[in-house]
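J.: Supplied structure: data.txt, compact mmCIF, C-alpha atoms and all ligand atoms.
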# COMPACT_ATOMS: atom_id res chain seq x y z
CA MET A 1 0.00 0.00 0.00
CA SER A 2 1.21 3.49 -0.66
CA PRO A 3 -0.09 6.96 0.04
CA GLU A 4 0.32 8.16 -3.51
CA GLU A 5 0.52 6.74 -7.00
CA ARG A 6 0.13 3.00 -6.91
CA HIS A 7 -0.08 1.77 -10.42
CA GLY A 8 3.32 0.17 -10.09
CA GLU A 9 3.79 -0.82 -13.72
CA GLY A 10 5.70 2.39 -14.24
CA PRO A 11 6.77 4.29 -17.31
CA ASP A 12 4.63 2.75 -20.01
CA SER A 13 2.07 1.04 -17.95
CA HIS A 14 -1.51 1.86 -18.80
CA PRO A 15 -3.35 3.13 -21.84
CA SER A 16 -6.07 5.78 -22.13
CA SER A 17 -9.74 6.73 -22.24
CA PRO A 18 -12.01 8.62 -24.59
CA GLN A 19 -12.31 11.84 -22.61
CA PRO A 20 -11.18 15.19 -24.04
CA LYS A 21 -8.66 16.40 -21.52
CA GLU A 22 -5.67 14.97 -19.70
CA ASP A 23 -6.46 14.77 -15.97
CA ASN A 24 -4.26 15.06 -12.90
CA ALA A 25 -4.00 11.34 -12.21
CA SER A 26 -2.66 10.60 -15.70
CA ALA A 27 -0.33 13.58 -15.67
CA GLN A 28 1.03 12.50 -12.26
CA GLY A 29 1.48 8.96 -13.54
CA ARG A 30 3.38 10.17 -16.59
CA ARG A 31 5.67 12.40 -14.54
CA MET A 32 6.28 9.59 -12.10
CA GLY A 33 7.16 7.24 -14.95
CA GLU A 34 9.70 9.70 -16.31
CA ARG A 35 11.23 10.09 -12.84
CA ILE A 36 11.50 6.34 -12.37
CA LEU A 37 13.20 5.79 -15.72
CA GLN A 38 15.76 8.43 -14.83
CA ASP A 39 16.46 7.86 -11.16
CA ALA A 40 15.17 4.59 -9.71
CA PRO A 41 17.73 1.88 -8.96
CA ARG A 42 16.91 -1.11 -11.16
CA LEU A 43 16.23 -4.30 -9.23
CA GLY A 44 16.02 -7.91 -10.37
CA PRO A 45 14.10 -10.87 -8.87
CA SER A 46 16.96 -11.94 -6.57
CA ASP A 47 17.70 -8.47 -5.18
CA GLU A 48 16.87 -7.99 -1.49
CA PHE A 49 15.06 -5.10 0.16
CA ARG A 50 14.15 -4.25 3.74
CA PHE A 51 10.45 -3.76 4.35
CA GLY A 52 7.61 -4.99 6.54
CA CYS A 53 3.93 -4.10 6.74
CA HIS A 54 1.81 -5.49 9.58
CA PRO A 55 -0.65 -4.26 12.22
CA GLY A 56 2.30 -3.39 14.48
CA VAL A 57 3.65 -0.58 12.27
CA SER A 58 2.53 2.86 13.45
CA CYS A 59 1.22 3.85 10.00
CA PHE A 60 -0.81 0.68 9.50
CA GLY A 61 -3.81 1.31 7.24
CA MET A 62 -3.04 5.00 6.84
CA CYS A 63 -2.02 4.65 3.21
CA CYS A 64 -5.37 3.35 1.96
CA GLY A 65 -6.62 6.71 0.79
CA ASP A 66 -5.93 9.48 -1.71
CA VAL A 67 -4.15 7.04 -3.96
CA ASN A 68 -4.32 6.29 -7.70
CA ILE A 69 -4.82 2.57 -8.13
CA VAL A 70 -4.98 1.44 -11.75
CA LEU A 71 -7.18 -1.63 -12.01
CA THR A 72 -6.34 -4.48 -14.35
CA PRO A 73 -9.11 -6.59 -15.89
CA TYR A 74 -8.23 -9.38 -13.46
CA ASP A 75 -8.45 -6.96 -10.49
CA VAL A 76 -11.99 -6.09 -11.58
CA LEU A 77 -12.88 -9.76 -12.02
CA ARG A 78 -11.72 -10.60 -8.48
CA LEU A 79 -13.18 -7.54 -6.78
CA ARG A 80 -16.60 -7.63 -8.40
CA LYS A 81 -16.92 -11.32 -7.52
CA ARG A 82 -15.87 -10.63 -3.95
CA LEU A 83 -18.47 -7.87 -3.66
CA GLY A 84 -21.23 -9.85 -5.37
CA LEU A 85 -21.62 -7.22 -8.10
CA THR A 86 -21.88 -7.58 -11.85
CA SER A 87 -18.93 -6.13 -13.74
CA SER A 88 -21.10 -3.23 -14.96
CA GLU A 89 -22.22 -2.45 -11.41
CA PHE A 90 -18.67 -2.60 -10.10
CA LEU A 91 -17.34 -0.33 -12.85
CA ALA A 92 -20.14 2.21 -12.36
CA ARG A 93 -19.81 2.26 -8.56
CA HIS A 94 -16.12 1.90 -7.94
CA THR A 95 -14.12 3.24 -10.88
CA VAL A 96 -13.22 6.43 -12.73
CA ILE A 97 -11.45 6.59 -16.10
CA PRO A 98 -8.64 9.14 -16.42
CA PHE A 99 -7.30 10.43 -19.70
CA SER A 100 -3.84 11.00 -21.06
CA LYS A 101 -2.91 12.21 -24.53
CA GLU A 102 -0.35 9.43 -24.91
CA GLN A 103 -2.73 6.68 -23.89
CA ARG A 104 -5.19 5.20 -26.31
CA LEU A 105 -7.33 2.75 -24.35
CA PRO A 106 -9.75 3.07 -21.44
CA VAL A 107 -8.26 1.80 -18.17
CA PRO A 108 -10.05 2.50 -14.87
CA LEU A 109 -8.80 3.75 -11.53
CA LEU A 110 -10.34 2.65 -8.24
CA LYS A 111 -12.61 5.51 -7.12
CA MET A 112 -11.76 6.88 -3.69
CA GLN A 113 -14.54 8.05 -1.38
CA ASP A 114 -15.61 11.64 -1.11
CA ASP A 115 -14.47 12.05 2.51
CA GLU A 116 -11.69 14.16 4.00
CA LYS A 117 -9.04 11.46 3.58
CA LYS A 118 -10.34 10.34 0.17
CA SER A 119 -10.41 6.86 1.68
CA CYS A 120 -10.42 3.70 -0.35
CA PRO A 121 -13.99 2.32 -0.29
CA PHE A 122 -12.63 -0.98 1.02
CA VAL A 123 -10.75 0.19 4.11
CA ALA A 124 -12.51 -0.15 7.46
CA GLU A 125 -10.91 0.41 10.87
CA GLY A 126 -7.49 0.44 9.24
CA LYS A 127 -7.99 -2.94 7.56
CA CYS A 128 -8.50 -3.94 3.96
CA THR A 129 -11.91 -5.62 3.79
CA VAL A 130 -11.14 -7.21 0.40
CA TYR A 131 -7.62 -8.33 1.36
CA GLU A 132 -7.71 -11.74 -0.37
CA ASP A 133 -8.88 -10.02 -3.56
CA ARG A 134 -7.03 -6.70 -3.27
CA PRO A 135 -5.74 -5.27 -6.54
CA TRP A 136 -2.37 -6.09 -8.08
CA ALA A 137 -0.97 -2.65 -7.23
CA CYS A 138 -1.88 -3.01 -3.52
CA ARG A 139 -0.16 -6.39 -3.46
CA MET A 140 2.96 -5.14 -5.14
CA TYR A 141 3.66 -2.04 -3.02
CA PRO A 142 6.45 -1.11 -2.27
CA VAL A 143 7.69 -2.96 -5.36
CA GLY A 144 6.99 -1.41 -8.73
CA PHE A 145 7.54 -2.90 -12.16
CA ALA A 146 8.57 -0.83 -15.16
CA SER A 147 7.99 -1.89 -18.76
CA PRO A 148 9.74 0.78 -20.83
CA LYS A 149 8.45 1.57 -24.31
CA ALA A 150 9.28 -0.93 -27.03
CA GLY A 151 12.33 0.24 -28.98
CA SER A 152 13.59 2.42 -26.11
CA GLY A 153 16.52 0.07 -25.54
CA GLU A 154 15.49 -0.31 -21.88
CA THR A 155 14.64 -3.69 -20.39
CA PRO A 156 11.86 -4.24 -17.82
CA PHE A 157 12.94 -3.88 -14.20
CA PHE A 158 11.64 -3.73 -10.64
CA PHE A 159 12.09 -0.68 -8.43
CA LEU A 160 11.08 0.43 -4.93
CA LEU A 161 8.47 3.10 -4.24
CA GLU A 162 9.55 4.68 -0.98
CA GLU A 163 6.57 6.81 -0.01
CA GLU A 164 6.84 9.52 2.61
CA GLY A 165 5.23 8.44 5.87
CA CYS A 166 5.54 4.73 5.15
CA ARG A 167 7.28 3.22 8.18
CA GLY A 168 7.56 -0.17 6.54
CA PHE A 169 11.11 0.61 5.46
CA GLU A 170 12.15 0.91 9.13
CA GLU A 171 11.20 -2.71 9.83
CA GLN A 172 13.94 -5.32 10.12
CA SER A 173 12.51 -7.95 7.77
CA THR A 174 14.22 -8.42 4.44
CA GLN A 175 13.17 -10.39 1.39
CA THR A 176 14.01 -10.70 -2.25
CA ILE A 177 11.72 -9.29 -4.91
CA GLU A 178 10.94 -12.87 -5.92
CA GLN A 179 9.90 -13.81 -2.37
CA TRP A 180 7.73 -10.73 -2.10
CA ILE A 181 5.92 -11.58 -5.32
CA GLN A 182 5.32 -15.10 -4.08
CA ASP A 183 4.20 -14.04 -0.59
CA GLN A 184 1.73 -11.51 -1.95
CA GLY A 185 0.00 -14.03 -4.22
CA ILE A 186 0.85 -12.16 -7.38
CA ALA A 187 1.45 -15.13 -9.70
CA LYS A 188 -2.17 -15.49 -10.84
CA TYR A 189 -2.44 -11.73 -11.37
CA ASP A 190 0.73 -11.78 -13.47
CA GLU A 191 -0.48 -14.79 -15.45
CA MET A 192 -3.67 -12.96 -16.44
CA GLY A 193 -1.74 -9.71 -16.89
CA ALA A 194 0.56 -11.40 -19.39
CA LEU A 195 -2.48 -12.26 -21.52
CA PHE A 196 -3.77 -8.68 -21.33
CA GLN A 197 -0.49 -6.93 -22.12
CA PRO A 198 -0.32 -7.75 -25.85
CA LEU A 199 -3.77 -6.16 -26.22
CA ALA A 200 -2.92 -3.07 -24.18
CA PHE A 201 0.44 -2.62 -25.91
CA ASP A 202 -0.60 -3.52 -29.44
CA GLN A 203 2.05 -2.21 -31.83
CA ARG A 204 -0.50 -0.49 -34.04
CA LEU A 205 -1.73 1.53 -31.07
CA ALA A 206 1.85 2.34 -30.16
CA ASP A 207 2.36 3.54 -33.74
CA GLY A 208 -0.40 6.11 -33.29
CA ARG A 209 -3.46 4.34 -34.62
CA GLU A 210 -6.59 5.21 -32.65
CA LEU A 211 -9.57 2.99 -32.01
CA ASP A 212 -12.91 4.26 -33.25
CA PRO A 213 -15.77 4.47 -30.70
CA LYS A 214 -17.11 1.01 -31.61
CA GLN A 215 -13.67 -0.57 -31.19
CA MET A 216 -13.25 1.28 -27.90
CA GLU A 217 -16.52 -0.25 -26.68
CA MET A 218 -15.37 -3.69 -27.78
CA PHE A 219 -12.13 -3.27 -25.87
CA TRP A 220 -13.94 -2.12 -22.73
CA MET A 221 -16.48 -4.94 -22.84
CA ALA A 222 -13.95 -7.72 -23.47
CA THR A 223 -11.46 -6.56 -20.86
CA TYR A 224 -13.34 -4.94 -17.98
CA ASP A 225 -17.08 -5.49 -18.49
CA LEU A 226 -17.00 -9.25 -18.79
CA ASP A 227 -20.59 -9.93 -17.73
CA THR A 228 -21.71 -7.87 -20.71
CA PHE A 229 -19.25 -9.76 -22.91
CA ARG A 230 -20.66 -13.07 -21.66
CA ARG A 231 -24.16 -11.99 -22.68
CA PHE A 232 -22.80 -10.85 -26.04
CA VAL A 233 -21.37 -14.33 -26.65
CA LEU A 234 -24.31 -16.33 -25.38
CA GLU A 235 -27.26 -14.16 -26.38
CA SER A 236 -26.31 -12.60 -29.73
CA THR A 237 -25.53 -14.25 -33.08
CA PHE A 238 -21.92 -14.70 -31.91
CA LEU A 239 -22.09 -18.51 -31.76
CA ASP A 240 -23.68 -18.65 -35.24
CA ARG A 241 -20.65 -16.85 -36.65
CA PHE A 242 -17.71 -18.25 -34.69
CA ASP A 243 -16.56 -21.83 -34.48
CA VAL A 244 -16.64 -22.44 -30.71
CA SER A 245 -16.82 -25.93 -29.22
CA ASP A 246 -19.59 -26.90 -26.79
CA GLU A 247 -16.96 -27.37 -24.10
CA GLU A 248 -15.73 -23.82 -24.63
CA VAL A 249 -19.25 -22.43 -24.56
CA GLU A 250 -19.79 -24.12 -21.21
CA LYS A 251 -16.57 -22.61 -19.84
CA VAL A 252 -17.62 -19.16 -21.04
CA ARG A 253 -20.96 -19.66 -19.29
CA GLU A 254 -19.58 -20.96 -15.99
CA ASP A 255 -15.99 -19.86 -15.44
CA ASP A 256 -14.98 -16.20 -15.16
CA GLU A 257 -11.28 -16.77 -15.79
CA GLU A 258 -11.98 -18.87 -18.87
CA LEU A 259 -14.37 -16.15 -20.02
CA MET A 260 -11.57 -13.62 -19.68
CA ARG A 261 -9.13 -15.77 -21.67
CA PHE A 262 -11.79 -16.22 -24.37
CA ALA A 263 -12.54 -12.48 -24.41
CA PHE A 264 -8.86 -11.62 -24.89
CA ARG A 265 -8.63 -14.08 -27.79
CA TRP A 266 -11.69 -12.56 -29.43
CA LEU A 267 -10.28 -9.06 -28.97
CA ALA A 268 -6.96 -10.04 -30.54
CA PHE A 269 -8.93 -11.40 -33.51
CA ALA A 270 -11.38 -8.52 -33.82
CA LEU A 271 -9.03 -5.59 -33.21
CA SER A 272 -5.62 -6.82 -34.27
CA GLY A 273 -6.54 -9.39 -36.93
CA LYS A 274 -4.76 -12.23 -35.10
CA ALA A 275 -5.76 -15.82 -35.94
CA THR A 276 -7.02 -16.45 -32.41
CA MET A 277 -10.64 -17.26 -33.39
CA LYS A 278 -12.15 -19.24 -36.22
CA LEU A 279 -15.19 -18.15 -38.19
CA LYS A 280 -17.70 -20.78 -39.26
CA ASP A 281 -17.39 -21.64 -42.93
CA ASP A 282 -20.65 -19.95 -43.85
CA ALA A 283 -20.05 -16.84 -41.74
CA ASN A 284 -19.48 -13.55 -43.55
CA PRO A 285 -15.78 -12.69 -43.08
CA GLU A 286 -16.68 -8.99 -43.25
CA SER A 287 -18.66 -9.19 -40.01
CA LYS A 288 -15.87 -10.30 -37.71
CA SER A 289 -17.16 -8.71 -34.55
S1 LIG B 1 3.96 0.29 6.29
FE1 LIG B 1 3.64 1.44 4.40
S2 LIG B 1 2.37 0.08 3.22
FE2 LIG B 1 2.22 -0.65 5.33
S3 LIG B 1 0.45 0.44 6.20
FE3 LIG B 1 2.23 1.71 6.62
S4 LIG B 1 2.26 3.17 4.90
FE4 LIG B 1 0.98 1.47 4.29
S1 LIG B 2 -7.98 -2.25 -1.80
FE1 LIG B 2 -7.39 -2.73 0.28
S2 LIG B 2 -5.15 -2.55 0.28
FE2 LIG B 2 -5.88 -1.52 -1.54
S3 LIG B 2 -6.10 0.63 -0.95
FE3 LIG B 2 -8.09 -0.35 -0.64
S4 LIG B 2 -8.12 -0.99 1.48
FE4 LIG B 2 -5.99 -0.56 0.94
Since I need it in another form, could you write the structure as structure tokens?
T.:
Amino acid sequence: MSPEERHGEGPDSHPSSPQPKEDNASAQGRRMGERILQDAPRLGPSDEFRFGCHPGVSCFGMCCGDVNIVLTPYDVLRLRKRLGLTSSEFLARHTVIPFSKEQRLPVPLLKMQDDEKKSCPFVAEGKCTVYEDRPWACRMYPVGFASPKAGSGETPFFFLLEEEGCRGFEEQSTQTIEQWIQDQGIAKYDEMGALFQPLAFDQRLADGRELDPKQMEMFWMATYDLDTFRRFVLESTFLDRFDVSDEEVEKVREDDEELMRFAFRWLAFALSGKATMKLKDDANPESKS
């Protein structure tokens, strides 16, 4: 947890939204990314750092407010399930979408409450009430991960976010980056993140191509609003047009993670022209989506 920017992926981490003006959160994120690329010591998986966060630290729970937490599709999947909400309800209630001129896709931030501390909606009496399903960025803090722009000559690296007021760095416990990632249960988040990244960092978007409003809606539905995507698959003409096995249809119906994998494959087909889906022989190739 950190009192400030907590999107962790760093310099080239999250794409944009369709709004007309760059907002403070995106501008802060961009400035932070530039700072990290310049100044942050690069760490690898076996590098050690000293840090501990537990109810005994004097600042415990104080950092769960006034913070920019970028949500990944898998964060939304876990949180909305935890809260018993549909994806549309979760997105409407708990997210805002910032805008940056450099970013070309909609990616939501967790919406803080409108109180004096701008508290996270999930903190109560200093504790995280969604701890087992807390977002990737909350798990990772104080470790950040930077994926510099393709072609920049930089390689991905870890770094430490040392936020003012965080007493965790005064604790005696040490661990490697690798141990931290394991202890925080990040593997599943990274597995799903690795499937999302090629969509978010599609080369054609990096080259300046913009999605039209319909494509933007497709991206949003197939990444963040998965309950709507599920209905689109099961209740439209989708299954008349695409060659999808009965077993796969059942997984899409019953299993949220499988639905997400399927949605990413469809998006890669529909937006990037990848051969990740198969049309039925008699389907019109013009009507891919
Ligand atoms: S030690 Fe740092 S991360 Fe842990 S509660 Fe305190 S401010 Fe938050
Ligand atoms: S989700 Fe949990 S850990 Fe993250 S900011 Fe909110 S209360 Fe803190």
J.: 6 Å from ligand LIG 1 (chain B) is the threshold here; counting all atoms listed in the file, which polymer residues fall inside it? Answer as a ChimeraX atom specification.
T.: /A:1-2,53,59-63,166-168
J.: Report, in Å with one decimal, the straight-line distance from CA of Arg93 (chain A) to CA of Lys127 (chain A).
T.: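 These atoms are spaced 20.7 Å apart.
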J.: Please identify every residue of chain A that has at least one atom no farther than 10 Å from an atom of ligand LIG 2 (chain B), counting all atoms listed in the file, and for each give the shortest atom pair and the distance in Å to one decimal, arranged by chain then increasing number, as JSON lines.
T.:
{"residue": "A:Met1", "atom": "CA", "partner": "B:LIG2", "partner_atom": "S2", "distance": 5.8}
{"residue": "A:Ser2", "atom": "CA", "partner": "B:LIG2", "partner_atom": "S3", "distance": 7.9}
{"residue": "A:Pro3", "atom": "CA", "partner": "B:LIG2", "partner_atom": "S3", "distance": 8.8}
{"residue": "A:Arg6", "atom": "CA", "partner": "B:LIG2", "partner_atom": "S3", "distance": 8.9}
{"residue": "A:Gly61", "atom": "CA", "partner": "B:LIG2", "partner_atom": "FE4", "distance": 6.9}
{"residue": "A:Met62", "atom": "CA", "partner": "B:LIG2", "partner_atom": "FE4", "distance": 8.6}
{"residue": "A:Cys63", "atom": "CA", "partner": "B:LIG2", "partner_atom": "FE4", "distance": 6.9}
{"residue": "A:Cys64", "atom": "CA", "partner": "B:LIG2", "partner_atom": "S3", "distance": 4.0}
{"residue": "A:Gly65", "atom": "CA", "partner": "B:LIG2", "partner_atom": "S3", "distance": 6.3}
{"residue": "A:Asp66", "atom": "CA", "partner": "B:LIG2", "partner_atom": "S3", "distance": 8.9}
{"residue": "A:Val67", "atom": "CA", "partner": "B:LIG2", "partner_atom": "S3", "distance": 7.3}
{"residue": "A:Asn68", "atom": "CA", "partner": "B:LIG2", "partner_atom": "S3", "distance": 9.0}
{"residue": "A:Ile69", "atom": "CA", "partner": "B:LIG2", "partner_atom": "S3", "distance": 7.5}
{"residue": "A:Asp75", "atom": "CA", "partner": "B:LIG2", "partner_atom": "S1", "distance": 9.9}
{"residue": "A:Leu79", "atom": "CA", "partner": "B:LIG2", "partner_atom": "S1", "distance": 8.9}
{"residue": "A:Leu110", "atom": "CA", "partner": "B:LIG2", "partner_atom": "S1", "distance": 8.4}
{"residue": "A:Lys111", "atom": "CA", "partner": "B:LIG2", "partner_atom": "FE3", "distance": 9.8}
{"residue": "A:Met112", "atom": "CA", "partner": "B:LIG2", "partner_atom": "FE3", "distance": 8.7}
{"residue": "A:Ser119", "atom": "CA", "partner": "B:LIG2", "partner_atom": "FE3", "distance": 7.9}
{"residue": "A:Cys120", "atom": "CA", "partner": "B:LIG2", "partner_atom": "FE3", "distance": 4.7}
{"residue": "A:Pro121", "atom": "CA", "partner": "B:LIG2", "partner_atom": "FE3", "distance": 6.5}
{"residue": "A:Phe122", "atom": "CA", "partner": "B:LIG2", "partner_atom": "S4", "distance": 4.5}
{"residue": "A:Val123", "atom": "CA", "partner": "B:LIG2", "partner_atom": "S4", "distance": 3.9}
{"residue": "A:Ala124", "atom": "CA", "partner": "B:LIG2", "partner_atom": "S4", "distance": 7.5}
{"residue": "A:Glu125", "atom": "CA", "partner": "B:LIG2", "partner_atom": "S4", "distance": 9.9}
{"residue": "A:Gly126", "atom": "CA", "partner": "B:LIG2", "partner_atom": "S4", "distance": 7.9}
{"residue": "A:Lys127", "atom": "CA", "partner": "B:LIG2", "partner_atom": "S4", "distance": 6.4}
{"residue": "A:Cys128", "atom": "CA", "partner": "B:LIG2", "partner_atom": "S4", "distance": 3.9}
{"residue": "A:Thr129", "atom": "CA", "partner": "B:LIG2", "partner_atom": "FE1", "distance": 6.4}
{"residue": "A:Val130", "atom": "CA", "partner": "B:LIG2", "partner_atom": "FE1", "distance": 5.8}
{"residue": "A:Tyr131", "atom": "CA", "partner": "B:LIG2", "partner_atom": "FE1", "distance": 5.7}
{"residue": "A:Glu132", "atom": "CA", "partner": "B:LIG2", "partner_atom": "FE1", "distance": 9.0}
{"residue": "A:Asp133", "atom": "CA", "partner": "B:LIG2", "partner_atom": "S1", "distance": 8.0}
{"residue": "A:Arg134", "atom": "CA", "partner": "B:LIG2", "partner_atom": "S1", "distance": 4.8}
{"residue": "A:Pro135", "atom": "CA", "partner": "B:LIG2", "partner_atom": "S1", "distance": 6.1}
{"residue": "A:Trp136", "atom": "CA", "partner": "B:LIG2", "partner_atom": "FE2", "distance": 8.7}
{"residue": "A:Ala137", "atom": "CA", "partner": "B:LIG2", "partner_atom": "FE2", "distance": 7.6}
{"residue": "A:Cys138", "atom": "CA", "partner": "B:LIG2", "partner_atom": "FE2", "distance": 4.7}
{"residue": "A:Arg139", "atom": "CA", "partner": "B:LIG2", "partner_atom": "S2", "distance": 7.3}
{"residue": "A:Tyr141", "atom": "CA", "partner": "B:LIG2", "partner_atom": "S2", "distance": 9.4}
J.: For Phe51 (chain A), which residue among A:Ser173, A:Thr237, A:Ser88, A:Thr223 is the nearest when counting all atoms listed in the file?
T.: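 Smallest distance to Phe51 (chain A) is found for A:Ser173.
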J.: So which one's closest to Glu210 (chain A), A:Lys251, A:Lys278, A:Arg80, A:Arg104? Using all atoms listed in the file, please.
T.: A:Arg104
J.: Could you check how far CA of Ser58 (chain A) sits from CA of Leu43 (chain A), in Å to one decimal?
T.: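 Here the two named atoms are 27.4 Å from each other.
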J.: Could you tell me which of A:Ile97, A:Leu161, A:Met140, A:Met192 comes closest to Trp220 (chain A) if we count only C-alpha atoms?
T.: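 Closest to Trp220 (chain A) of all the choices is A:Ile97.
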J.: Suppose you want the space between CA of Val143 (chain A) and CA of Phe158 (chain A); what is it in Å?
T.: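 Going from CA of Val143 (chain A) over to CA of Phe158 (chain A), I get 6.6 Å.
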J.: Just checking: using only C-alpha atoms, which residue out of A:Val252, A:Leu234, A:Ala222, A:Leu279 ends up closest to Ser87 (chain A)?
T.: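 Of all the options, A:Ala222 lies closest to Ser87 (chain A).
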J.: Determine the nearest neighbour of Thr155 (chain A) from the options A:Thr276, A:Leu267, A:Arg230, A:Gly44, counting only C-alpha atoms.
T.: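 Of A:Thr276, A:Leu267, A:Arg230, A:Gly44, the one nearest Thr155 (chain A) is A:Gly44, counting only C-alpha atoms.
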J.: Env of Gln175 (chain A): 12 Å cut, atoms = all atoms listed in the file, seq-sep filter 2 positions within chain, self excluded. Answer as a ChimeraX atom specification.
T.: /A:45-52,143,169,171-173,177-184
J.: Restrict the selected residues to C-alpha atoms and save them as a short mmCIF file (atom, residue, chain, number, x, y, z; two decimals), in the coordinates of the input.
T.:
data_model
loop_
_atom_site.label_atom_id
_atom_site.label_comp_id
_atom_site.auth_asym_id
_atom_site.auth_seq_id
_atom_site.Cartn_x
_atom_site.Cartn_y
_atom_site.Cartn_z
CA PRO A 45 14.10 -10.87 -8.87
CA SER A 46 16.96 -11.94 -6.57
CA ASP A 47 17.70 -8.47 -5.18
CA GLU A 48 16.87 -7.99 -1.49
CA PHE A 49 15.06 -5.10 0.16
CA ARG A 50 14.15 -4.25 3.74
CA PHE A 51 10.45 -3.76 4.35
CA GLY A 52 7.61 -4.99 6.54
CA VAL A 143 7.69 -2.96 -5.36
CA PHE A 169 11.11 0.61 5.46
CA GLU A 171 11.20 -2.71 9.83
CA GLN A 172 13.94 -5.32 10.12
CA SER A 173 12.51 -7.95 7.77
CA ILE A 177 11.72 -9.29 -4.91
CA GLU A 178 10.94 -12.87 -5.92
CA GLN A 179 9.90 -13.81 -2.37
CA TRP A 180 7.73 -10.73 -2.10
CA ILE A 181 5.92 -11.58 -5.32
CA GLN A 182 5.32 -15.10 -4.08
CA ASP A 183 4.20 -14.04 -0.59
CA GLN A 184 1.73 -11.51 -1.95
#
J.: Using all atoms of region 189-192 of chain A that appear in the file, construct an axis-aligned enclosing box with 3 Å of padding on every side and provide its centre coordinates and edge lengths in Å, rounded to one decimal, as JSON.
T.:
{"center_x": -1.5, "center_y": -13.3, "center_z": -13.9, "size_x": 10.4, "size_y": 9.1, "size_z": 11.1}
J.: Rank A:Glu235, A:Asp227, A:Glu254, A:Asp243 by their smallest atom-to-atom distance to Leu91 (chain A), using only C-alpha atoms, and report the top residue only.
T.: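 For Leu91 (chain A), the nearest of the candidates is A:Asp227.
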J.: List as a list in words: which residues have an atom within 12 Å of (-21.6, -24.3, -29.3), counting only C-alpha atoms?
T.: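 Applying the cut-off with only C-alpha atoms, one gets Val233, Leu234, Glu235, Thr237, Phe238, Leu239, Asp240, Arg241, Phe242, Asp243, Val244, Ser245, Asp246, Glu247, Glu248, Val249, Glu250, Lys251, Val252, Arg253 and Lys280 of chain A.
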J.: Rebuild region 136-148 of chain A so that it carries N, CA and C atoms, then output the result as a PDB file, keeping the file's coordinate frame.
T.:
ATOM      1  N   TRP A 136      -3.787  -5.803  -7.798  1.00  0.00           N
ATOM      2  CA  TRP A 136      -2.370  -6.090  -8.080  1.00  0.00           C
ATOM      3  C   TRP A 136      -1.469  -5.022  -7.463  1.00  0.00           C
ATOM      4  N   ALA A 137      -1.838  -3.742  -7.684  1.00  0.00           N
ATOM      5  CA  ALA A 137      -0.970  -2.650  -7.230  1.00  0.00           C
ATOM      6  C   ALA A 137      -0.846  -2.634  -5.713  1.00  0.00           C
ATOM      7  N   CYS A 138      -1.930  -2.967  -4.991  1.00  0.00           N
ATOM      8  CA  CYS A 138      -1.880  -3.010  -3.520  1.00  0.00           C
ATOM      9  C   CYS A 138      -0.990  -4.157  -3.064  1.00  0.00           C
ATOM     10  N   ARG A 139      -1.012  -5.245  -3.795  1.00  0.00           N
ATOM     11  CA  ARG A 139      -0.160  -6.390  -3.460  1.00  0.00           C
ATOM     12  C   ARG A 139       1.306  -6.045  -3.671  1.00  0.00           C
ATOM     13  N   MET A 140       1.575  -5.369  -4.750  1.00  0.00           N
ATOM     14  CA  MET A 140       2.960  -5.140  -5.140  1.00  0.00           C
ATOM     15  C   MET A 140       3.679  -4.127  -4.247  1.00  0.00           C
ATOM     16  N   TYR A 141       2.971  -3.091  -3.764  1.00  0.00           N
ATOM     17  CA  TYR A 141       3.660  -2.040  -3.020  1.00  0.00           C
ATOM     18  C   TYR A 141       4.478  -2.634  -1.878  1.00  0.00           C
ATOM     19  N   PRO A 142       5.742  -2.254  -1.690  1.00  0.00           N
ATOM     20  CA  PRO A 142       6.450  -1.110  -2.270  1.00  0.00           C
ATOM     21  C   PRO A 142       7.226  -1.447  -3.554  1.00  0.00           C
ATOM     22  N   VAL A 143       6.942  -2.587  -4.148  1.00  0.00           N
ATOM     23  CA  VAL A 143       7.690  -2.960  -5.360  1.00  0.00           C
ATOM     24  C   VAL A 143       6.913  -2.480  -6.582  1.00  0.00           C
ATOM     25  N   GLY A 144       7.592  -1.816  -7.470  1.00  0.00           N
ATOM     26  CA  GLY A 144       6.990  -1.410  -8.730  1.00  0.00           C
ATOM     27  C   GLY A 144       7.656  -2.171  -9.871  1.00  0.00           C
ATOM     28  N   PHE A 145       6.979  -2.220 -10.988  1.00  0.00           N
ATOM     29  CA  PHE A 145       7.540  -2.900 -12.160  1.00  0.00           C
ATOM     30  C   PHE A 145       7.439  -1.963 -13.354  1.00  0.00           C
ATOM     31  N   ALA A 146       8.540  -1.753 -14.025  1.00  0.00           N
ATOM     32  CA  ALA A 146       8.570  -0.830 -15.160  1.00  0.00           C
ATOM     33  C   ALA A 146       8.744  -1.589 -16.461  1.00  0.00           C
ATOM     34  N   SER A 147       7.837  -1.316 -17.420  1.00  0.00           N
ATOM     35  CA  SER A 147       7.990  -1.890 -18.760  1.00  0.00           C
ATOM     36  C   SER A 147       8.231  -0.723 -19.716  1.00  0.00           C
ATOM     37  N   PRO A 148       9.473  -0.362 -19.947  1.00  0.00           N
ATOM     38  CA  PRO A 148       9.740   0.780 -20.830  1.00  0.00           C
ATOM     39  C   PRO A 148       9.198   0.555 -22.237  1.00  0.00           C
TER      40      PRO A 148
END
